[in-house]
>>> print(open('model.cif').read())   # mmCIF, C-alpha atoms
data_protein
loop_
_atom_site.label_atom_id
_atom_site.label_comp_id
_atom_site.auth_asym_id
_atom_site.auth_seq_id
_atom_site.Cartn_x
_atom_site.Cartn_y
_atom_site.Cartn_z
CA MET A 102 0.37 3.35 -19.77
CA GLY A 103 -0.19 0.21 -21.90
CA ASP A 104 0.40 -3.14 -20.25
CA LEU A 105 1.65 -1.51 -17.08
CA TYR A 106 -1.94 -1.32 -15.78
CA ARG A 107 -1.56 -5.09 -15.13
CA ILE A 108 0.56 -4.21 -12.10
CA LEU A 109 -2.86 -3.82 -10.44
CA TYR A 110 -3.06 -7.64 -10.26
CA VAL A 111 -0.07 -7.69 -7.91
CA HIS A 112 -0.57 -4.33 -6.19
CA LEU A 113 -4.17 -4.74 -5.01
CA PRO A 114 -3.81 -8.34 -3.68
CA ALA A 115 -0.59 -7.31 -1.87
CA ALA A 116 -2.40 -4.32 -0.31
CA TRP A 117 -5.32 -6.58 0.75
CA VAL A 118 -2.97 -9.09 2.39
CA CYS A 119 -1.05 -6.23 4.05
CA TYR A 120 -4.24 -4.92 5.71
CA LEU A 121 -5.37 -8.47 6.56
CA ALA A 122 -1.99 -9.32 8.13
CA PHE A 123 -1.94 -6.21 10.33
CA THR A 124 -5.56 -6.83 11.39
CA ILE A 125 -4.73 -10.44 12.38
CA SER A 126 -1.63 -9.13 14.17
CA MET A 127 -3.69 -6.62 16.17
CA VAL A 128 -6.37 -9.21 17.07
CA SER A 129 -3.61 -11.64 18.17
CA SER A 130 -2.08 -8.94 20.38
CA VAL A 131 -5.46 -8.27 22.01
CA LEU A 132 -5.87 -12.02 22.60
CA TYR A 133 -2.36 -12.20 24.07
CA LEU A 134 -3.08 -9.40 26.54
CA ARG A 135 -6.33 -11.12 27.58
CA ARG A 136 -5.08 -14.72 27.83
CA ARG A 137 -1.26 -14.42 28.13
CA GLU A 138 -0.64 -17.39 25.85
CA ASN A 139 2.64 -17.22 23.90
CA ARG A 140 1.10 -18.55 20.70
CA TYR A 141 -0.91 -15.32 20.27
CA ASP A 142 2.26 -13.24 20.56
CA THR A 143 3.86 -15.51 17.95
CA PHE A 144 0.87 -15.02 15.59
CA ALA A 145 1.07 -11.24 16.11
CA GLU A 146 4.79 -11.12 15.32
CA VAL A 147 4.69 -13.43 12.27
CA SER A 148 1.60 -11.67 10.91
CA ALA A 149 3.22 -8.24 11.31
CA LEU A 150 6.37 -9.47 9.53
CA LEU A 151 4.27 -10.75 6.63
CA GLY A 152 2.32 -7.48 6.61
CA LEU A 153 5.63 -5.64 6.22
CA LEU A 154 6.64 -7.95 3.36
CA PHE A 155 3.36 -7.48 1.48
CA GLY A 156 3.34 -3.77 2.40
CA ALA A 157 6.75 -3.38 0.74
CA VAL A 158 5.37 -5.06 -2.39
CA THR A 159 2.39 -2.66 -2.30
CA LEU A 160 4.60 0.42 -1.97
CA VAL A 161 7.07 -0.63 -4.67
CA THR A 162 4.43 -1.67 -7.23
CA GLY A 163 2.42 1.48 -6.43
CA SER A 164 5.49 3.64 -7.05
CA ILE A 165 6.16 1.98 -10.41
CA TRP A 166 2.55 2.59 -11.43
CA ALA A 167 2.74 6.20 -10.13
CA ASN A 168 5.81 6.87 -12.27
CA SER A 169 3.85 5.81 -15.34
CA ALA A 170 0.58 7.58 -14.44
CA TRP A 171 1.81 10.69 -12.61
CA GLY A 172 5.36 11.03 -13.97
CA THR A 173 7.05 10.54 -10.60
CA TYR A 174 7.71 7.55 -8.35
CA TRP A 175 6.68 9.42 -5.20
CA ASN A 176 4.62 12.59 -4.89
CA TRP A 177 3.43 12.42 -1.25
CA ASP A 178 -0.13 11.62 -2.28
CA PRO A 179 -2.28 10.97 0.85
CA ARG A 180 -2.62 7.26 -0.03
CA GLU A 181 1.12 6.86 -0.53
CA THR A 182 1.95 8.81 2.60
CA THR A 183 -0.53 7.04 4.91
CA THR A 184 0.60 3.64 3.61
CA LEU A 185 4.24 4.59 4.24
CA VAL A 186 3.28 5.74 7.77
CA LEU A 187 1.53 2.36 8.30
CA TRP A 188 4.63 0.49 7.09
CA VAL A 189 7.01 2.50 9.28
CA ALA A 190 4.71 2.05 12.31
CA TYR A 191 4.92 -1.74 11.97
CA LEU A 192 8.65 -1.60 11.29
CA GLY A 193 8.75 0.12 14.70
CA TYR A 194 6.82 -2.82 16.19
CA ILE A 195 9.39 -5.34 14.95
CA THR A 196 12.29 -3.11 16.03
CA LEU A 197 10.72 -2.71 19.48
CA LYS A 198 10.36 -6.47 19.85
CA LEU A 199 13.97 -7.02 18.81
CA SER A 200 15.19 -4.44 21.32
CA LEU A 201 13.66 -6.04 24.45
CA GLU A 202 15.33 -9.07 26.03
CA ASN A 203 12.84 -10.15 28.67
CA GLU A 204 10.37 -12.43 26.88
CA GLU A 205 7.26 -11.48 28.82
CA ARG A 206 8.01 -7.77 28.79
CA ARG A 207 8.73 -7.98 25.05
CA ALA A 208 5.37 -9.63 24.44
CA VAL A 209 3.38 -7.20 26.62
CA VAL A 210 5.04 -3.98 25.39
CA GLY A 211 4.92 -5.27 21.80
CA SER A 212 1.21 -6.08 22.08
CA VAL A 213 0.34 -2.64 23.44
CA TYR A 214 2.39 -0.95 20.71
CA ASN A 215 0.80 -3.21 18.08
CA ILE A 216 -2.73 -2.21 19.13
CA LEU A 217 -1.78 1.49 19.01
CA ALA A 218 -0.05 1.07 15.62
CA PHE A 219 -3.24 -0.44 14.17
CA VAL A 220 -4.71 3.10 14.02
CA THR A 221 -2.64 3.54 10.85
CA VAL A 222 -4.53 0.73 9.03
CA PRO A 223 -7.96 2.49 8.79
CA LEU A 224 -6.08 5.76 8.25
CA SER A 225 -4.45 4.27 5.15
CA TYR A 226 -7.57 2.43 3.94
CA PHE A 227 -9.97 5.37 4.32
CA SER A 228 -7.49 7.99 3.07
CA LEU A 229 -9.23 7.78 -0.33
CA GLN A 230 -12.50 8.98 1.22
CA LEU A 231 -11.05 11.32 3.83
CA LEU A 232 -8.41 13.21 1.85
CA PRO A 233 -8.10 14.62 -1.68
CA THR A 234 -6.06 12.07 -3.64
CA LEU A 235 -5.08 11.12 -7.16
CA HIS A 236 -5.10 7.41 -6.29
CA PRO A 237 -7.71 5.56 -8.42
CA GLN A 238 -10.60 4.01 -6.50
CA VAL A 239 -11.21 0.56 -8.02
CA VAL A 240 -13.67 -0.67 -5.38
CA SER A 241 -16.21 1.87 -4.12
CA GLY A 242 -19.78 2.07 -2.88
CA SER A 243 -21.03 2.24 -6.48
CA GLY A 244 -19.32 -1.05 -7.44
CA ILE A 245 -16.06 -2.20 -9.02
CA ALA A 246 -14.69 -0.02 -11.82
CA LEU A 247 -13.34 -2.97 -13.87
CA THR A 248 -14.59 -5.21 -16.69
CA PRO A 249 -15.80 -8.77 -15.74
CA PRO A 250 -12.62 -10.54 -17.05
CA MET A 251 -10.48 -8.10 -15.07
CA ILE A 252 -12.55 -8.72 -11.94
CA LEU A 253 -12.08 -12.49 -12.40
CA ALA A 254 -8.30 -12.17 -12.84
CA LEU A 255 -8.10 -9.84 -9.86
CA ALA A 256 -10.23 -12.16 -7.69
CA LEU A 257 -7.95 -15.11 -8.56
CA ASN A 258 -4.91 -13.07 -7.58
CA VAL A 259 -6.52 -11.95 -4.33
CA VAL A 260 -7.37 -15.58 -3.45
CA SER A 261 -3.88 -16.85 -4.34
CA ALA A 262 -2.21 -14.04 -2.36
CA THR A 263 -4.41 -14.91 0.64
CA VAL A 264 -3.51 -18.63 0.34
CA LEU A 265 0.18 -17.68 0.11
CA PHE A 266 -0.20 -15.54 3.23
CA ALA A 267 -1.96 -18.41 5.07
CA TYR A 268 0.86 -20.81 4.15
CA LEU A 269 3.59 -18.36 5.20
CA MET A 270 1.68 -17.62 8.42
CA GLY A 271 1.51 -21.34 9.24
CA ALA A 272 5.16 -21.99 8.39
CA GLY A 273 6.38 -18.87 10.22
CA SER A 274 4.36 -19.73 13.34
CA THR A 275 5.74 -23.29 13.28
CA VAL A 276 9.31 -21.95 13.11
CA GLN A 277 8.67 -19.55 16.00
CA ALA A 278 7.04 -22.27 18.14
CA LEU A 279 9.90 -24.72 17.46
CA GLU A 280 12.48 -22.03 18.29
CA ARG A 281 10.78 -21.36 21.63
CA ARG A 282 10.67 -25.09 22.47
CA VAL A 283 14.35 -25.57 21.52
CA GLU A 284 15.36 -22.52 23.61
CA ALA A 285 13.41 -23.85 26.61
CA LEU A 286 15.01 -27.31 26.35
CA GLN A 287 18.49 -25.80 25.90
CA TYR A 288 17.93 -23.69 29.02
CA LEU A 289 16.89 -26.79 30.99
CA GLN A 290 19.95 -28.67 29.67
CA GLU A 291 22.30 -25.84 30.68
CA GLU A 292 20.71 -25.72 34.13
CA GLY A 293 21.36 -29.47 34.40
CA ARG A 294 17.70 -30.41 34.77
CA MET B 175 8.90 -2.06 -18.43
CA LEU B 176 12.43 -2.88 -17.21
CA GLU B 177 11.51 -1.86 -13.68
CA VAL B 178 8.49 -4.22 -13.75
CA PHE B 179 10.76 -7.06 -14.89
CA LEU B 180 13.33 -6.31 -12.19
CA VAL B 181 10.67 -6.07 -9.46
CA SER B 182 9.12 -9.36 -10.67
CA VAL B 183 12.51 -11.08 -10.52
CA VAL B 184 13.16 -9.72 -7.01
CA TYR B 185 9.60 -10.65 -5.87
CA TRP B 186 9.63 -14.26 -7.09
CA THR B 187 13.26 -14.84 -6.06
CA SER B 188 12.48 -13.52 -2.56
CA LEU B 189 9.45 -15.81 -2.30
CA LEU B 190 11.46 -18.81 -3.49
CA LEU B 191 14.26 -18.07 -1.00
CA LEU B 192 11.68 -17.60 1.76
CA PHE B 193 10.12 -21.02 0.98
CA ILE B 194 13.55 -22.69 0.99
CA TRP B 195 14.64 -20.94 4.20
CA LEU B 196 11.40 -21.80 6.02
CA ASN B 197 11.60 -25.49 5.03
CA ARG B 198 15.27 -25.80 6.00
CA ARG B 199 14.69 -23.96 9.29
CA VAL B 200 11.76 -26.24 10.21
CA GLN B 201 13.86 -29.31 9.33
CA ARG B 202 16.87 -28.15 11.40
CA LEU B 203 14.74 -27.16 14.40
CA THR B 204 12.84 -30.47 14.30
CA GLU B 205 16.15 -32.38 14.30
CA ARG B 206 17.55 -30.25 17.13
CA LEU B 207 14.35 -30.68 19.14
CA ALA B 208 14.44 -34.47 18.67
CA MET B 209 18.08 -34.51 19.85
CA LEU B 210 17.34 -32.38 22.93
CA GLU B 211 14.29 -34.45 23.85
CA GLY B 212 16.34 -37.64 23.39
CA ASP B 213 19.03 -36.31 25.76
CA ARG B 214 16.38 -35.33 28.28
CA ALA B 215 14.76 -38.79 28.12
CA ASP B 216 18.21 -40.42 28.62
CA ARG B 217 18.89 -38.29 31.70
CA GLU B 218 15.48 -39.07 33.17
CA GLU B 219 16.15 -42.81 32.82
#
>>> encode(input="model.cif", output="structure tokens")
Amino acid sequence: MGDLYRILYVHLPAAWVCYLAFTISMVSSVLYLRRRENRYDTFAEVSALLGLLFGAVTLVTGSIWANSAWGTYWNWDPRETTTLVLWVAYLGYITLKLSLENEERRAVVGSVYNILAFVTVPLSYFSLQLLPTLHPQVVSGSGIALTPPMILALALNVVSATVLFAYLMGAGSTVQALERRVEALQYLQEEGR
Amino acid sequence: MLEVFLVSVVYWTSLLLLFIWLNRRVQRLTERLAMLEGDRADREE
């Protein structure tokens, strides 16, 4: 495999951010349904979009590694399959939100779907323990199966990926909030108020 | 290793484009919002 093992430094942080993003998205949807404040729906949507972005990185880098380790880009391993199911479930969330015109209905239906779609996150994460898989288990109950320099490099990548996610989350939420404010003012202007 | 190189190029280019798009979008929306709020303030006067 040679240097290709270094793909781990992109793959694992991307997978971590993917799970983190979908968890934040689900929590935001729960908060929206409880408090009915638009900002929570915005957080849920932006977070899900970023989860899809980092999920795509996870799937692509995982496939490249699989081709080197297993001789094929895709072999329907439980980890690959459950992660693909997770990704498609959240693609459905974004598609659902794009398909509904009424803002409140879009937020409510999207939030309910988002909470249901979250089932796929633990399914993907625990697929290593629940199903027979070829996917290597780097972090397990018995510790981390890496040398100290590798752990340090990996930790730095995980932190930087998380910071990148936080920045994109902030910028994406700002864009969404500004778009909503502009739309509201345009509506008032058209109504002549 | 070609595929790793190609994916790296796509990854970093996408991130760069995303940064540029987000900054330009925020700038345009802020300008539009300032214009709309200015119009609204004029009408209220």
>>> closest_atom_pairs(input="model.cif", of="chain A", to="chain B", cutoff="12 Å", atoms="all atoms listed in the file", output="CSV")
residue,atom,partner,partner_atom,distance
A:Met102,CA,B:Met175,CA,10.2
A:Gly103,CA,B:Met175,CA,10.0
A:Asp104,CA,B:Met175,CA,8.8
A:Leu105,CA,B:Met175,CA,7.4
A:Tyr106,CA,B:Val178,CA,11.0
A:Arg107,CA,B:Val178,CA,10.2
A:Ile108,CA,B:Val178,CA,8.1
A:Leu109,CA,B:Val178,CA,11.8
A:Val111,CA,B:Ser182,CA,9.7
A:His112,CA,B:Val178,CA,11.8
A:Ala115,CA,B:Tyr185,CA,11.4
A:Leu151,CA,B:Leu192,CA,11.2
A:Leu154,CA,B:Ser188,CA,10.0
A:Phe155,CA,B:Tyr185,CA,10.1
A:Ala157,CA,B:Tyr185,CA,10.2
A:Val158,CA,B:Tyr185,CA,7.8
A:Thr159,CA,B:Tyr185,CA,11.3
A:Leu160,CA,B:Val181,CA,11.6
A:Val161,CA,B:Val181,CA,8.1
A:Thr162,CA,B:Val181,CA,8.0
A:Gly163,CA,B:Val178,CA,11.1
A:Ser164,CA,B:Glu177,CA,10.5
A:Ile165,CA,B:Glu177,CA,7.4
A:Trp166,CA,B:Val178,CA,9.3
A:Asn168,CA,B:Glu177,CA,10.5
A:Ser169,CA,B:Met175,CA,9.8
A:Tyr174,CA,B:Glu177,CA,11.5
A:Ala262,CA,B:Leu189,CA,11.8
A:Leu265,CA,B:Leu189,CA,9.8
A:Phe266,CA,B:Leu189,CA,11.1
A:Tyr268,CA,B:Phe193,CA,9.8
A:Leu269,CA,B:Phe193,CA,8.2
A:Met270,CA,B:Leu196,CA,10.8
A:Gly271,CA,B:Leu196,CA,10.4
A:Ala272,CA,B:Leu196,CA,6.7
A:Gly273,CA,B:Leu196,CA,7.2
A:Ser274,CA,B:Val200,CA,10.3
A:Thr275,CA,B:Val200,CA,7.4
A:Val276,CA,B:Val200,CA,5.7
A:Gln277,CA,B:Val200,CA,9.4
A:Ala278,CA,B:Leu203,CA,9.9
A:Leu279,CA,B:Leu203,CA,6.2
A:Glu280,CA,B:Leu203,CA,6.8
A:Arg281,CA,B:Leu203,CA,10.1
A:Arg282,CA,B:Leu207,CA,7.5
A:Val283,CA,B:Leu207,CA,5.6
A:Glu284,CA,B:Leu207,CA,9.4
A:Ala285,CA,B:Leu210,CA,10.1
A:Leu286,CA,B:Leu210,CA,6.5
A:Gln287,CA,B:Leu210,CA,7.3
A:Tyr288,CA,B:Leu210,CA,10.6
A:Leu289,CA,B:Arg214,CA,9.0
A:Gln290,CA,B:Arg214,CA,7.7
A:Glu291,CA,B:Leu210,CA,11.3
A:Gly293,CA,B:Arg217,CA,9.5
A:Arg294,CA,B:Arg214,CA,8.3
>>> write_last_selection(input="model.cif", atoms="C-alpha atoms", output="PDB file, keeping the file's coordinate frame")
ATOM      1  CA  MET A 102       0.370   3.350 -19.770  1.00  0.00           C
ATOM      2  CA  GLY A 103      -0.190   0.210 -21.900  1.00  0.00           C
ATOM      3  CA  ASP A 104       0.400  -3.140 -20.250  1.00  0.00           C
ATOM      4  CA  LEU A 105       1.650  -1.510 -17.080  1.00  0.00           C
ATOM      5  CA  TYR A 106      -1.940  -1.320 -15.780  1.00  0.00           C
ATOM      6  CA  ARG A 107      -1.560  -5.090 -15.130  1.00  0.00           C
ATOM      7  CA  ILE A 108       0.560  -4.210 -12.100  1.00  0.00           C
ATOM      8  CA  LEU A 109      -2.860  -3.820 -10.440  1.00  0.00           C
ATOM      9  CA  VAL A 111      -0.070  -7.690  -7.910  1.00  0.00           C
ATOM     10  CA  HIS A 112      -0.570  -4.330  -6.190  1.00  0.00           C
ATOM     11  CA  ALA A 115      -0.590  -7.310  -1.870  1.00  0.00           C
ATOM     12  CA  LEU A 151       4.270 -10.750   6.630  1.00  0.00           C
ATOM     13  CA  LEU A 154       6.640  -7.950   3.360  1.00  0.00           C
ATOM     14  CA  PHE A 155       3.360  -7.480   1.480  1.00  0.00           C
ATOM     15  CA  ALA A 157       6.750  -3.380   0.740  1.00  0.00           C
ATOM     16  CA  VAL A 158       5.370  -5.060  -2.390  1.00  0.00           C
ATOM     17  CA  THR A 159       2.390  -2.660  -2.300  1.00  0.00           C
ATOM     18  CA  LEU A 160       4.600   0.420  -1.970  1.00  0.00           C
ATOM     19  CA  VAL A 161       7.070  -0.630  -4.670  1.00  0.00           C
ATOM     20  CA  THR A 162       4.430  -1.670  -7.230  1.00  0.00           C
ATOM     21  CA  GLY A 163       2.420   1.480  -6.430  1.00  0.00           C
ATOM     22  CA  SER A 164       5.490   3.640  -7.050  1.00  0.00           C
ATOM     23  CA  ILE A 165       6.160   1.980 -10.410  1.00  0.00           C
ATOM     24  CA  TRP A 166       2.550   2.590 -11.430  1.00  0.00           C
ATOM     25  CA  ASN A 168       5.810   6.870 -12.270  1.00  0.00           C
ATOM     26  CA  SER A 169       3.850   5.810 -15.340  1.00  0.00           C
ATOM     27  CA  TYR A 174       7.710   7.550  -8.350  1.00  0.00           C
ATOM     28  CA  ALA A 262      -2.210 -14.040  -2.360  1.00  0.00           C
ATOM     29  CA  LEU A 265       0.180 -17.680   0.110  1.00  0.00           C
ATOM     30  CA  PHE A 266      -0.200 -15.540   3.230  1.00  0.00           C
ATOM     31  CA  TYR A 268       0.860 -20.810   4.150  1.00  0.00           C
ATOM     32  CA  LEU A 269       3.590 -18.360   5.200  1.00  0.00           C
ATOM     33  CA  MET A 270       1.680 -17.620   8.420  1.00  0.00           C
ATOM     34  CA  GLY A 271       1.510 -21.340   9.240  1.00  0.00           C
ATOM     35  CA  ALA A 272       5.160 -21.990   8.390  1.00  0.00           C
ATOM     36  CA  GLY A 273       6.380 -18.870  10.220  1.00  0.00           C
ATOM     37  CA  SER A 274       4.360 -19.730  13.340  1.00  0.00           C
ATOM     38  CA  THR A 275       5.740 -23.290  13.280  1.00  0.00           C
ATOM     39  CA  VAL A 276       9.310 -21.950  13.110  1.00  0.00           C
ATOM     40  CA  GLN A 277       8.670 -19.550  16.000  1.00  0.00           C
ATOM     41  CA  ALA A 278       7.040 -22.270  18.140  1.00  0.00           C
ATOM     42  CA  LEU A 279       9.900 -24.720  17.460  1.00  0.00           C
ATOM     43  CA  GLU A 280      12.480 -22.030  18.290  1.00  0.00           C
ATOM     44  CA  ARG A 281      10.780 -21.360  21.630  1.00  0.00           C
ATOM     45  CA  ARG A 282      10.670 -25.090  22.470  1.00  0.00           C
ATOM     46  CA  VAL A 283      14.350 -25.570  21.520  1.00  0.00           C
ATOM     47  CA  GLU A 284      15.360 -22.520  23.610  1.00  0.00           C
ATOM     48  CA  ALA A 285      13.410 -23.850  26.610  1.00  0.00           C
ATOM     49  CA  LEU A 286      15.010 -27.310  26.350  1.00  0.00           C
ATOM     50  CA  GLN A 287      18.490 -25.800  25.900  1.00  0.00           C
ATOM     51  CA  TYR A 288      17.930 -23.690  29.020  1.00  0.00           C
ATOM     52  CA  LEU A 289      16.890 -26.790  30.990  1.00  0.00           C
ATOM     53  CA  GLN A 290      19.950 -28.670  29.670  1.00  0.00           C
ATOM     54  CA  GLU A 291      22.300 -25.840  30.680  1.00  0.00           C
ATOM     55  CA  GLY A 293      21.360 -29.470  34.400  1.00  0.00           C
ATOM     56  CA  ARG A 294      17.700 -30.410  34.770  1.00  0.00           C
TER      57      ARG A 294
END
>>> atom_distance(input="model.cif", atom1="atom CA of Phe179 of chain B", atom2="atom CA of Thr234 of chain A")
27.8 Å
>>> residues_near_point(input="model.cif", point="(-9.2, -1.1, 11.4)", cutoff="8 Å", atoms="all atoms listed in the file", output="PyMOL selection string")
chain A and resi 124+219-220+222-223
>>> closest_residue(input="model.cif", among="A:Val147, A:Ser228, A:Gly172, A:Leu247", to="Val186 of chain A", atoms="only C-alpha atoms")
A:Ser228
>>> atom_distance(input="model.cif", atom1="atom CA of Leu150 of chain A", atom2="atom CA of Asn215 of chain A")
12.0 Å
>>> atom_distance(input="model.cif", atom1="atom CA of Glu205 of chain B", atom2="atom CA of Glu204 of chain A")
24.3 Å
>>> residues_around(input="model.cif", residues="Met251 of chain A", least_positions_apart="3", cutoff="12 Å", atoms="only C-alpha atoms", output="list of chain:residue names")
A:Tyr106, A:Arg107, A:Leu109, A:Tyr110, A:Val239, A:Ile245, A:Ala246, A:Leu247, A:Thr248, A:Ala254, A:Leu255, A:Ala256, A:Leu257, A:Asn258
>>> residues_around(input="model.cif", residues="segment 177-180 of chain A", least_positions_apart="2", cutoff="9 Å", atoms="all atoms listed in the file", output="PyMOL selection string")
chain A and resi 175+182-185+225-229+232-236
